[in-house]
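Structure file target-v8.cif (mmCIF, C-alpha atoms and all ligand atoms) follows.
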data_protein
#
loop_
_atom_site.label_atom_id
_atom_site.label_comp_id
_atom_site.auth_asym_id
_atom_site.auth_seq_id
_atom_site.Cartn_x
_atom_site.Cartn_y
_atom_site.Cartn_z
CA MET A 24 155.30 -88.00 -77.34
CA THR A 25 154.92 -84.93 -79.54
CA THR A 26 158.41 -85.41 -81.02
CA ASP A 27 158.23 -89.19 -81.56
CA TYR A 28 155.16 -89.25 -83.76
CA ARG A 29 155.32 -85.90 -85.54
CA GLN A 30 156.30 -87.44 -88.85
CA MET A 31 153.35 -89.86 -88.71
CA TRP A 32 150.92 -87.10 -87.76
CA ALA A 33 152.20 -84.89 -90.57
CA GLU A 34 151.69 -87.72 -93.05
CA LEU A 35 148.14 -88.12 -91.76
CA GLY A 36 147.45 -84.48 -92.52
CA ILE A 37 147.22 -83.43 -88.87
CA ASP A 38 147.42 -79.72 -88.10
CA LEU A 39 150.54 -80.07 -85.97
CA ASP A 40 150.37 -76.75 -84.11
CA ARG A 41 146.78 -77.19 -83.11
CA HIS A 42 147.46 -80.80 -82.21
CA ASP A 43 150.36 -79.78 -79.92
CA GLU A 44 147.98 -77.41 -78.18
CA LEU A 45 145.49 -80.24 -77.65
CA LEU A 46 148.02 -82.68 -76.22
CA ASN A 47 149.57 -80.00 -74.05
CA ALA A 48 146.13 -79.21 -72.66
CA ILE A 49 145.22 -82.84 -71.86
CA ALA A 50 148.45 -83.81 -70.04
CA PRO A 51 148.00 -81.54 -66.97
CA ILE A 52 144.29 -82.37 -66.74
CA TYR A 53 145.11 -86.06 -66.63
CA GLU A 54 147.77 -85.45 -64.05
CA GLU A 55 145.35 -83.54 -61.85
CA ILE A 56 142.36 -85.84 -62.24
CA TYR A 57 143.97 -89.27 -62.46
CA LEU A 58 147.56 -89.36 -61.34
CA SER A 59 146.82 -87.40 -58.17
CA GLN A 60 144.60 -90.24 -56.86
CA LYS A 61 146.09 -92.16 -53.96
CA ASP A 62 146.53 -95.92 -53.74
CA ARG A 63 145.25 -96.79 -57.20
CA PRO A 64 145.34 -100.40 -58.42
CA LYS A 65 148.64 -101.15 -60.11
CA GLY A 66 146.71 -102.48 -63.10
CA MET A 67 145.71 -98.90 -63.93
CA GLU A 68 149.26 -98.27 -65.14
CA PHE A 69 148.40 -99.83 -68.49
CA PHE A 70 145.47 -97.46 -68.92
CA ASP A 71 147.58 -94.48 -67.88
CA PHE A 72 150.07 -95.54 -70.52
CA VAL A 73 147.34 -95.77 -73.19
CA VAL A 74 146.07 -92.27 -72.38
CA GLY A 75 149.62 -90.91 -72.13
CA ASN A 76 150.19 -92.15 -75.68
CA ILE A 77 146.67 -91.70 -76.93
CA HIS A 78 147.59 -90.32 -80.34
CA GLY A 79 150.83 -92.28 -80.62
CA ILE A 80 151.20 -96.02 -80.24
CA ARG A 81 147.66 -97.11 -81.10
CA VAL A 82 147.48 -94.82 -84.13
CA HIS A 83 150.83 -96.24 -85.21
CA GLU A 84 149.39 -99.76 -84.96
CA LEU A 85 146.34 -98.78 -86.99
CA ARG A 86 148.50 -97.13 -89.60
CA LYS A 87 150.68 -100.20 -89.91
CA HIS A 88 147.55 -102.26 -90.36
CA ALA A 89 146.35 -99.83 -93.04
CA MET A 90 149.72 -99.90 -94.82
CA ASN A 91 149.36 -103.67 -95.10
CA GLY A 92 146.20 -103.07 -97.10
CA SER A 93 143.70 -103.54 -94.25
CA LYS A 94 140.99 -101.08 -93.30
CA VAL A 95 140.15 -98.99 -90.25
CA VAL A 96 136.51 -98.24 -89.53
CA ALA A 97 135.61 -95.33 -87.26
CA THR A 98 132.41 -95.09 -85.23
CA TYR A 99 130.54 -92.71 -82.92
CA CYS A 100 127.90 -94.92 -81.40
CA VAL A 101 127.58 -98.27 -79.63
CA PHE A 102 124.97 -99.34 -82.18
CA VAL A 103 127.67 -100.11 -84.73
CA PRO A 104 128.53 -103.83 -84.45
CA ASP A 105 132.28 -104.25 -84.00
CA GLU A 106 131.84 -108.00 -84.65
CA ILE A 107 131.16 -107.40 -88.34
CA VAL A 108 134.14 -105.09 -88.77
CA LEU A 109 136.52 -107.53 -87.06
CA ALA A 110 135.16 -110.50 -89.02
CA ALA A 111 136.27 -108.74 -92.22
CA ASP A 112 139.80 -108.25 -90.86
CA ALA A 113 139.24 -104.55 -90.40
CA ILE A 114 139.71 -102.65 -87.11
CA PRO A 115 136.90 -100.70 -85.46
CA VAL A 116 137.79 -97.60 -83.49
CA GLY A 117 135.61 -95.21 -81.51
CA LEU A 118 136.30 -91.58 -82.39
CA CYS A 119 137.40 -88.78 -80.05
CA ALA A 120 134.38 -86.70 -79.08
CA GLY A 121 134.80 -85.60 -75.48
CA THR A 122 136.72 -82.33 -75.44
CA GLN A 123 135.86 -78.65 -75.54
CA PHE A 124 139.05 -78.10 -77.54
CA SER A 125 137.41 -79.00 -80.86
CA VAL A 126 134.05 -77.32 -80.16
CA PRO A 127 134.87 -73.73 -81.30
CA ILE A 128 136.24 -75.11 -84.59
CA ALA A 129 132.97 -76.99 -85.16
CA GLU A 130 130.95 -73.89 -84.35
CA GLU A 131 132.45 -72.21 -87.42
CA VAL A 132 130.07 -74.49 -89.34
CA LEU A 133 127.52 -76.10 -87.01
CA PRO A 134 124.93 -74.20 -84.96
CA HIS A 135 126.01 -73.28 -81.44
CA ASN A 136 122.95 -74.97 -79.90
CA THR A 137 124.12 -78.46 -80.88
CA CYS A 138 125.28 -80.97 -78.27
CA ALA A 139 128.97 -80.92 -77.36
CA LEU A 140 129.50 -84.52 -78.44
CA ILE A 141 128.41 -83.73 -81.99
CA LYS A 142 130.41 -80.51 -82.13
CA SER A 143 133.49 -82.09 -80.60
CA SER A 144 133.55 -84.97 -83.08
CA PHE A 145 132.91 -82.74 -86.07
CA GLY A 146 135.51 -80.22 -84.87
CA PHE A 147 138.17 -82.93 -84.74
CA LYS A 148 137.70 -83.64 -88.44
CA LEU A 149 137.37 -80.01 -89.47
CA GLY A 150 140.41 -78.96 -87.43
CA ARG A 151 142.44 -82.05 -88.45
CA THR A 152 143.41 -82.82 -84.86
CA CYS A 153 142.28 -86.46 -84.55
CA PRO A 154 144.74 -89.01 -85.99
CA TYR A 155 142.12 -91.77 -85.59
CA VAL A 156 139.70 -90.17 -88.00
CA GLN A 157 142.59 -89.35 -90.33
CA THR A 158 143.68 -93.00 -90.28
CA SER A 159 140.20 -94.36 -90.91
CA HIS A 160 138.87 -95.38 -94.30
CA LEU A 161 135.21 -95.11 -93.39
CA ILE A 162 133.15 -93.39 -90.70
CA VAL A 163 129.98 -95.19 -89.70
CA GLY A 164 127.24 -92.86 -88.60
CA GLU A 165 123.72 -93.59 -87.41
CA THR A 166 120.33 -91.94 -87.24
CA THR A 167 120.04 -92.08 -83.45
CA CYS A 168 119.38 -88.37 -82.99
CA ASP A 169 118.58 -85.49 -85.32
CA GLY A 170 121.71 -83.51 -84.51
CA LYS A 171 124.04 -86.38 -85.37
CA LYS A 172 122.02 -87.36 -88.42
CA LYS A 173 122.30 -83.91 -89.97
CA MET A 174 125.93 -83.46 -88.87
CA PHE A 175 126.85 -86.64 -90.74
CA GLU A 176 125.47 -85.12 -93.95
CA ILE A 177 128.00 -82.31 -93.60
CA LEU A 178 130.78 -84.62 -92.41
CA ALA A 179 130.25 -86.63 -95.62
CA GLU A 180 131.75 -83.66 -97.49
CA TYR A 181 135.05 -84.40 -95.72
CA HIS A 182 135.18 -88.19 -95.27
CA PRO A 183 133.58 -91.39 -96.66
CA ILE A 184 130.55 -92.23 -94.54
CA HIS A 185 128.14 -95.11 -94.20
CA ILE A 186 124.92 -94.43 -92.28
CA MET A 187 122.99 -97.07 -90.34
CA GLU A 188 119.34 -96.32 -89.84
CA VAL A 189 118.36 -97.06 -86.24
CA PRO A 190 114.59 -97.48 -85.80
CA ASN A 191 112.69 -95.27 -83.35
CA LYS A 192 110.57 -98.13 -82.01
CA LYS A 193 111.42 -101.66 -80.91
CA THR A 194 108.44 -103.15 -82.72
CA GLU A 195 108.52 -106.08 -85.17
CA ALA A 196 108.73 -103.55 -88.03
CA GLY A 197 111.59 -101.78 -86.24
CA ARG A 198 113.37 -105.06 -85.69
CA ASN A 199 113.06 -105.99 -89.37
CA LEU A 200 114.35 -102.59 -90.42
CA TRP A 201 117.34 -102.96 -88.10
CA ARG A 202 118.09 -106.50 -89.28
CA GLY A 203 118.15 -105.13 -92.85
CA GLU A 204 120.52 -102.36 -91.76
CA VAL A 205 122.88 -104.87 -90.16
CA ILE A 206 122.95 -106.88 -93.39
CA ALA A 207 123.56 -103.70 -95.41
CA PHE A 208 126.39 -102.80 -93.03
CA LYS A 209 127.97 -106.22 -93.51
CA GLU A 210 127.81 -105.69 -97.29
CA ALA A 211 129.33 -102.21 -96.99
CA ILE A 212 132.20 -103.61 -94.91
CA GLU A 213 132.77 -106.45 -97.38
CA LYS A 214 132.90 -103.90 -100.19
CA LEU A 215 135.33 -101.69 -98.28
CA THR A 216 137.68 -104.51 -97.32
CA GLY A 217 137.23 -106.80 -100.32
CA ASN A 218 136.77 -109.65 -97.80
CA GLU A 219 133.67 -111.78 -97.80
CA ILE A 220 132.64 -112.44 -94.20
CA GLN A 221 132.64 -116.14 -93.36
CA ALA A 222 130.65 -117.83 -90.59
CA ASP A 223 133.71 -119.00 -88.63
CA ARG A 224 135.27 -115.52 -88.68
CA LEU A 225 132.02 -113.95 -87.53
CA ASP A 226 131.72 -116.50 -84.72
CA GLN A 227 135.32 -115.80 -83.63
CA ALA A 228 134.73 -112.05 -83.71
CA THR A 229 131.54 -112.50 -81.67
CA LYS A 230 133.42 -114.46 -79.04
CA LEU A 231 136.18 -111.82 -78.91
CA VAL A 232 133.80 -108.88 -78.49
CA ASN A 233 131.83 -110.87 -75.91
CA ASP A 234 135.10 -111.43 -74.02
CA ARG A 235 135.46 -107.66 -73.85
CA ARG A 236 131.90 -107.40 -72.52
CA ARG A 237 132.57 -110.18 -69.99
CA ALA A 238 135.73 -108.45 -68.76
CA LEU A 239 133.85 -105.19 -68.25
CA GLN A 240 130.98 -106.99 -66.52
CA ARG A 241 133.54 -108.50 -64.18
CA LEU A 242 135.06 -105.09 -63.45
CA TYR A 243 131.68 -103.50 -62.82
CA ASN A 244 130.74 -106.35 -60.47
CA THR A 245 133.67 -105.41 -58.24
CA ARG A 246 132.12 -101.96 -57.86
CA LYS A 247 129.18 -103.51 -56.03
CA ALA A 248 131.46 -104.16 -53.03
CA ARG A 249 131.53 -101.94 -49.95
CA PRO A 250 133.97 -100.23 -49.66
CA VAL A 251 134.19 -99.82 -53.40
CA PRO A 252 137.66 -101.08 -54.42
CA ILE A 253 138.28 -98.80 -57.42
CA SER A 254 137.39 -95.19 -58.09
CA GLY A 255 134.61 -94.35 -60.52
CA LYS A 256 137.09 -92.27 -62.48
CA ASP A 257 139.36 -95.26 -62.99
CA ALA A 258 136.54 -97.64 -63.85
CA MET A 259 135.14 -95.23 -66.41
CA LEU A 260 138.57 -94.73 -67.94
CA VAL A 261 138.82 -98.49 -68.45
CA THR A 262 135.52 -98.41 -70.35
CA GLN A 263 136.58 -95.41 -72.41
CA VAL A 264 139.79 -97.14 -73.50
CA ALA A 265 137.74 -100.11 -74.78
CA PHE A 266 136.72 -98.03 -77.77
CA TYR A 267 140.32 -97.62 -78.96
CA ASP A 268 142.43 -100.52 -77.93
CA ASP A 269 143.17 -103.85 -79.57
CA VAL A 270 140.39 -106.11 -78.27
CA ALA A 271 142.45 -109.16 -77.24
CA ARG A 272 145.11 -107.08 -75.45
CA TYR A 273 142.44 -105.02 -73.75
CA VAL A 274 140.60 -108.11 -72.45
CA GLN A 275 143.83 -109.43 -70.97
CA GLN A 276 144.58 -106.11 -69.23
CA VAL A 277 141.08 -105.68 -67.84
CA ASN A 278 141.03 -109.23 -66.48
CA ALA A 279 144.43 -108.67 -64.83
CA LEU A 280 143.07 -105.49 -63.26
CA CYS A 281 139.96 -107.37 -62.07
CA GLU A 282 142.09 -110.00 -60.39
CA GLU A 283 143.90 -107.30 -58.46
CA VAL A 284 140.71 -105.44 -57.59
CA GLU A 285 139.02 -108.66 -56.45
CA GLY A 286 142.02 -109.17 -54.16
CA ARG A 287 141.38 -105.74 -52.69
CA ILE A 288 137.77 -106.72 -51.97
CA ALA A 289 138.94 -109.91 -50.23
CA ALA A 290 141.29 -107.77 -48.11
CA GLY A 291 138.49 -105.28 -47.33
CA LYS A 292 140.49 -102.55 -49.04
CA GLY A 293 138.76 -99.68 -50.78
CA GLY A 294 139.47 -96.45 -52.60
CA PHE A 295 136.88 -94.66 -50.44
CA PRO A 296 135.60 -94.99 -46.87
CA ALA A 297 132.83 -97.59 -46.55
CA ASP A 298 130.29 -94.87 -45.74
CA ALA A 299 131.07 -92.67 -48.77
CA PRO A 300 127.82 -91.85 -50.61
CA ARG A 301 127.45 -94.29 -53.52
CA ILE A 302 126.41 -92.63 -56.76
CA LEU A 303 125.02 -93.99 -60.02
CA ILE A 304 125.49 -91.70 -63.02
CA THR A 305 122.95 -92.08 -65.81
CA GLY A 306 122.51 -90.26 -69.11
CA THR A 307 124.56 -89.24 -72.10
CA PRO A 308 127.93 -90.90 -72.80
CA MET A 309 131.27 -89.53 -71.59
CA ALA A 310 133.97 -89.87 -74.22
CA ILE A 311 137.67 -89.29 -73.44
CA PRO A 312 138.65 -86.80 -71.99
CA ASN A 313 135.30 -85.95 -70.41
CA TRP A 314 136.02 -86.74 -66.76
CA LYS A 315 134.52 -83.57 -65.28
CA LEU A 316 131.52 -84.92 -63.41
CA HIS A 317 133.28 -87.95 -61.92
CA HIS A 318 136.07 -85.72 -60.71
CA ILE A 319 133.72 -83.23 -59.07
CA LEU A 320 131.72 -85.99 -57.37
CA GLU A 321 134.71 -87.95 -56.14
CA THR A 322 136.68 -84.95 -54.90
CA ALA A 323 133.53 -84.00 -52.96
CA GLY A 324 133.69 -87.34 -51.13
CA ALA A 325 131.26 -89.49 -53.15
CA ALA A 326 132.11 -92.80 -54.79
CA VAL A 327 130.77 -93.24 -58.32
CA VAL A 328 129.90 -96.95 -58.40
CA CYS A 329 128.18 -97.33 -61.77
CA GLU A 330 127.40 -95.57 -65.04
CA GLU A 331 124.17 -96.32 -66.87
CA SER A 332 125.34 -94.91 -70.18
CA CYS A 333 126.99 -95.93 -73.43
CA THR A 334 130.37 -95.46 -71.75
CA GLY A 335 129.04 -97.74 -69.01
CA THR A 336 126.59 -100.61 -68.70
CA ARG A 337 124.79 -100.02 -72.01
CA TYR A 338 128.04 -100.86 -73.77
CA PHE A 339 128.53 -104.32 -72.35
CA SER A 340 125.57 -105.65 -70.41
CA ASP A 341 124.16 -107.99 -73.06
CA LEU A 342 126.18 -110.64 -74.85
CA VAL A 343 125.61 -111.74 -78.45
CA PRO A 344 124.62 -115.44 -78.53
CA GLU A 345 127.58 -117.52 -79.66
CA ASP A 346 125.53 -120.18 -81.41
CA GLY A 347 125.78 -118.75 -84.95
CA GLY A 348 127.10 -121.40 -87.31
CA THR A 349 125.91 -119.51 -90.39
CA VAL A 350 126.49 -115.90 -91.34
CA GLU A 351 122.77 -115.27 -91.68
CA ARG A 352 121.90 -116.64 -88.25
CA GLN A 353 124.75 -114.81 -86.55
CA LEU A 354 123.82 -111.50 -88.18
CA GLY A 355 120.34 -112.02 -86.73
CA ASN A 356 121.86 -112.64 -83.28
CA ILE A 357 123.95 -109.50 -83.62
CA ALA A 358 121.04 -107.35 -84.79
CA ASP A 359 118.82 -108.54 -81.94
CA ARG A 360 121.46 -107.92 -79.29
CA TYR A 361 122.21 -104.40 -80.47
CA LEU A 362 118.52 -103.56 -80.50
CA GLN A 363 118.53 -104.20 -76.75
CA ILE A 364 120.55 -101.01 -76.16
CA HIS A 365 118.21 -98.72 -74.26
CA CYS A 366 119.14 -95.38 -75.84
CA ALA A 367 116.81 -92.43 -75.38
CA CYS A 368 116.41 -92.32 -79.17
CA PHE A 369 113.71 -95.01 -78.76
CA THR A 370 110.10 -94.37 -77.95
CA PRO A 371 109.01 -95.64 -75.56
CA ASN A 372 112.23 -96.45 -73.71
CA ASP A 373 110.88 -97.73 -70.41
CA GLU A 374 113.52 -100.47 -70.29
CA ARG A 375 116.08 -97.78 -69.44
CA LEU A 376 113.99 -96.74 -66.46
CA ASP A 377 113.88 -100.38 -65.32
CA ASP A 378 117.66 -100.59 -65.75
CA ILE A 379 118.26 -97.52 -63.61
CA ILE A 380 116.16 -98.92 -60.77
CA ARG A 381 117.73 -102.39 -61.06
CA LEU A 382 121.27 -100.98 -61.11
CA GLY A 383 120.43 -98.68 -58.20
CA ARG A 384 119.54 -101.73 -56.13
CA GLU A 385 122.42 -103.92 -57.32
CA TYR A 386 125.04 -101.26 -56.62
CA GLN A 387 123.30 -100.13 -53.40
CA VAL A 388 123.33 -96.51 -54.48
CA ASP A 389 122.48 -93.60 -52.20
CA GLY A 390 121.77 -91.23 -55.07
CA VAL A 391 121.59 -90.88 -58.85
CA VAL A 392 123.06 -88.11 -60.98
CA HIS A 393 121.38 -87.61 -64.34
CA ASN A 394 124.07 -86.29 -66.63
CA ASN A 395 122.73 -84.51 -69.68
CA LEU A 396 124.78 -82.93 -72.38
CA GLN A 397 123.33 -79.52 -73.08
CA PHE A 398 121.08 -79.49 -76.18
CA CYS A 399 120.53 -83.25 -76.06
CA HIS A 400 116.75 -83.22 -76.15
CA THR A 401 116.10 -86.95 -76.07
CA TYR A 402 117.89 -87.49 -72.75
CA ALA A 403 116.65 -84.17 -71.30
CA ASN A 404 113.03 -85.17 -71.92
CA GLU A 405 113.56 -88.70 -70.70
CA ALA A 406 114.97 -87.27 -67.46
CA VAL A 407 111.41 -86.31 -66.52
CA LYS A 408 110.47 -90.00 -66.38
CA VAL A 409 113.73 -90.92 -64.66
CA GLU A 410 112.89 -88.38 -61.96
CA ARG A 411 109.43 -89.91 -61.46
CA VAL A 412 110.57 -93.53 -61.11
CA LEU A 413 113.39 -92.59 -58.75
CA ALA A 414 111.03 -90.56 -56.58
CA LYS A 415 108.76 -93.60 -56.33
CA GLU A 416 111.73 -95.70 -55.30
CA GLY A 417 112.87 -93.09 -52.77
CA ILE A 418 116.26 -92.58 -54.43
CA PRO A 419 117.51 -88.95 -54.48
CA LEU A 420 118.26 -87.50 -57.91
CA LEU A 421 120.43 -84.62 -59.07
CA ARG A 422 119.80 -83.47 -62.63
CA ILE A 423 122.80 -81.90 -64.31
CA GLU A 424 122.93 -80.26 -67.71
CA THR A 425 126.43 -79.45 -68.81
CA ASP A 426 128.89 -79.40 -71.69
CA TYR A 427 132.63 -80.00 -72.04
CA SER A 428 133.78 -76.58 -70.88
CA ASN A 429 134.90 -75.90 -67.34
CA GLU A 430 132.91 -72.71 -67.02
CA ASP A 431 130.22 -74.29 -64.87
CA ALA A 432 132.62 -76.33 -62.69
CA GLY A 433 132.18 -74.02 -59.66
CA GLN A 434 128.42 -74.09 -59.93
CA LEU A 435 128.41 -77.88 -60.35
CA ARG A 436 130.58 -78.27 -57.26
CA THR A 437 128.13 -76.23 -55.19
CA ARG A 438 125.18 -78.33 -56.40
CA VAL A 439 127.05 -81.61 -55.86
CA ASP A 440 128.06 -80.55 -52.32
CA ALA A 441 124.45 -79.72 -51.46
CA PHE A 442 123.25 -83.02 -52.95
CA LEU A 443 125.76 -85.07 -50.97
CA GLU A 444 124.94 -83.19 -47.80
CA MET A 445 121.27 -84.03 -48.29
CA ILE A 446 122.17 -87.72 -48.82
CA ARG A 447 124.38 -87.84 -45.71
CA LYS A 448 121.60 -86.47 -43.41
S1 LIG B 1 123.27 -95.43 -78.31
S2 LIG B 1 123.39 -92.51 -76.29
S3 LIG B 1 126.19 -93.59 -78.22
S4 LIG B 1 123.22 -92.26 -79.78
S5 LIG B 1 124.26 -86.70 -76.49
S6 LIG B 1 124.81 -87.10 -79.97
S7 LIG B 1 121.92 -88.54 -78.43
S8 LIG B 1 122.24 -85.01 -78.87
S9 LIG B 1 125.43 -89.92 -77.98
FE1 LIG B 1 124.59 -91.94 -78.07
FE2 LIG B 1 124.49 -94.10 -79.55
FE3 LIG B 1 122.39 -93.40 -78.06
FE4 LIG B 1 124.56 -94.32 -76.94
FE5 LIG B 1 122.61 -86.96 -79.88
FE6 LIG B 1 122.21 -86.64 -77.30
FE7 LIG B 1 124.33 -85.60 -78.41
FE8 LIG B 1 124.12 -88.20 -78.17
#
Please rewrite the model in this file as structure tokens.
Amino acid sequence: MTTDYRQMWAELGIDLDRHDELLNAIAPIYEEIYLSQKDRPKGMEFFDFVVGNIHGIRVHELRKHAMNGSKVVATYCVFVPDEIVLAADAIPVGLCAGTQFSVPIAEEVLPHNTCALIKSSFGFKLGRTCPYVQTSHLIVGETTCDGKKKMFEILAEYHPIHIMEVPNKKTEAGRNLWRGEVIAFKEAIEKLTGNEIQADRLDQATKLVNDRRRALQRLYNTRKARPVPISGKDAMLVTQVAFYDDVARYVQQVNALCEEVEGRIAAGKGGFPADAPRILITGTPMAIPNWKLHHILETAGAAVVCEESCTGTRYFSDLVPEDGGTVERQLGNIADRYLQIHCACFTPNDERLDDIIRLGREYQVDGVVHNNLQFCHTYANEAVKVERVLAKEGIPLLRIETDYSNEDAGQLRTRVDAFLEMIRK
């Protein structure tokens, strides 16, 4: 892969030596974490191929699109409505933000005590190691947390940025503010692309993005079965790839995978023994290639059956109504749906607590792991309430605070082993 696309990466301004180091580091990790799993669904081959070519084929597609005069819009948060970007004939793409590799580069500028997700994403731009950001014409940031908000101010010195203001409260005033932000975003995208968004295009884009949500809902439903027919690692990878891939192709691949996995359920076939402890992970998102916690849990004998996070259920659980008909009405539908995301940036955010309990029951979990990126204060504080509601429900909880490095892997393993032992008693 490094030889095939070198010319393209050089043209994108990528630091080739550093980039080689990054790709060379990811390949063996993927091999160890993913390819070593036994009896995986055949449908995972597509996702292995996507990761194996993560900076190649898809970037090439985006670049071709850009060379034809179209635009690529990069995002860091599930609050940014892909529907609007697609309706203007632009392509949305979620940016790399899940590796320790880019953290030290970011720390040359940003404070050390900033969450790894923020540092990783900033480090990719600063170190010129992410071809997605290099291909994009606009980064869309948001005001979800203070660290990101201030990082975007600095990132704006390196790349064109549009910021969406996300309200702190889901009140009527908050809803109106957010509706205004969605309209402003639509106008910014129209200005960027030179395309005025039409009602039929917005309706089509809504249907397409809903298809992606429906496919992921279908996949997650299979994880409710006992034995669970697909590993948590694989299921999460499928969600992670959603942020990069062409939407229509992705929907087709996920549905094909679901068909196969549903066949496994019918045959009583699972990736884990039926009595493997079933774990729900909740908390901060896990961007590619952050697979650490799933790997530790599943190699310790647990089955991760659900993720309540933005690389999990928060990404796809609610559909946008498909009854638009006018641009104005559909923008309202979009704004209202996105405001249903239960991110810890809201106060109060009790709906997330309800979600955790509901998902715990639906997926018949034996325990919950609260995954917190170090220095993420919103999720760390909300974990106090998560702990209380789970205690009331009698569901064991393990609170983890970690980053992207592997330094704490041994310690995490010990804590996970003790947690699973307690569950098994
Ligand atoms: S909607 S969870 S994707 S903001 S982990 S950068 S909150 S300090 S990622 Fe998120 Fe959107 Fe919310 Fe989802 Fe800040 Fe916390 Fe870091 Fe975070």
Could you name the residues that touch range 313-325 of chain A at 6 Å or less, counting all atoms listed in the file, but leaving out those on the same chain fewer than 2 positions away, as a ChimeraX atom specification?
/A:121,256,299-300,309-311
Can you check which parts of range 220-288 of chain A lie within 8 Å of range 373-395 of chain A? Per residue, the shortest pair of atoms and distance in Å to one decimal, counting all atoms listed in the file, sorted by chain and number, as CSV.
residue,atom,partner,partner_atom,distance
A:Arg246,CA,A:Tyr386,CA,7.2
A:Lys247,CA,A:Tyr386,CA,4.7
A:Ala248,CA,A:Tyr386,CA,7.9
Within 10 Å of ligand LIG 1 (chain B), counting all atoms listed in the file, residues as number ranges by chain:
A: 98-103, 120, 137-142, 144, 164-172, 174, 189, 306-310, 332-335, 337-338, 361-362, 364-369, 394-403, 426
Work out how far apart CA of Asn218 in chain A and CA of His83 in chain A are and give it in Å to one decimal.
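CA of His83 in chain A lies at a distance of 23.2 Å from CA of Asn218 in chain A.
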Which value, in Å to one decimal, gives the distance between CA of Leu46 in chain A and CA of Glu430 in chain A?
20.3 Å
Would you mind telling me which residue in A:His42, A:Ala97, A:Thr425, A:Asp257 lies nearest to Ser59 in chain A when using all atoms listed in the file?
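Looking only at the distances to Ser59 in chain A, the closest residue turns out to be A:Asp257.
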Kindly provide, as a PyMOL selection string, the polymer residues lying within 10 Å of (138.7, -109.2, -86.6), counting only C-alpha atoms and using the coordinates exactly as they appear in the file.
chain A and resi 105-115+224-225+227-229+231-232+269-270
Using all atoms listed in the file: which of A:Gly36, A:Phe208, A:Val261, A:Asn404 has the shortest distance to Asp71 in chain A:
A:Val261
I'd like to know which of A:Ala33, A:Asp226, A:Tyr28, A:Val116 is closest to Val264 in chain A, using all atoms listed in the file.
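Among A:Ala33, A:Asp226, A:Tyr28, A:Val116, it is A:Val116 that comes nearest to Val264 in chain A.
When only C-alpha atoms are used to compute distances to Ile212 in chain A, the closest of the residues A:Arg198, A:Lys230, A:Lys94, A:Arg249 turns out to be A:Lys94.
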Residue nearest Lys192 in chain A - candidates A:Gly92, A:Gly286, A:Pro127, A:Pro371, atoms counted: all atoms listed in the file
A:Pro371
Record the distance separating CA of Ile220 in chain A and CA of Glu351 in chain A, expressed in Å with one decimal.
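Between CA of Ile220 in chain A and CA of Glu351 in chain A the gap is 10.6 Å.
For the residues A:Leu280, A:Leu178, A:Leu118, A:Ala50, ranking by smallest atom-to-atom distance to Gln263 in chain A using only C-alpha atoms places A:Leu118 first.
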Counting only C-alpha atoms, write as number ranges by chain all protein and nucleic acid residues lying at most 10 Å from (146.0, -97.9, -81.7) in the file's frame.
A: 73, 76-88, 114, 116, 154-155, 267-269
Distance query Val274 in chain A at most 9 Å, all atoms listed in the file, self and fewer than 6 positions along chain excluded, as a ChimeraX atom specification:
/A:231,234-239,265
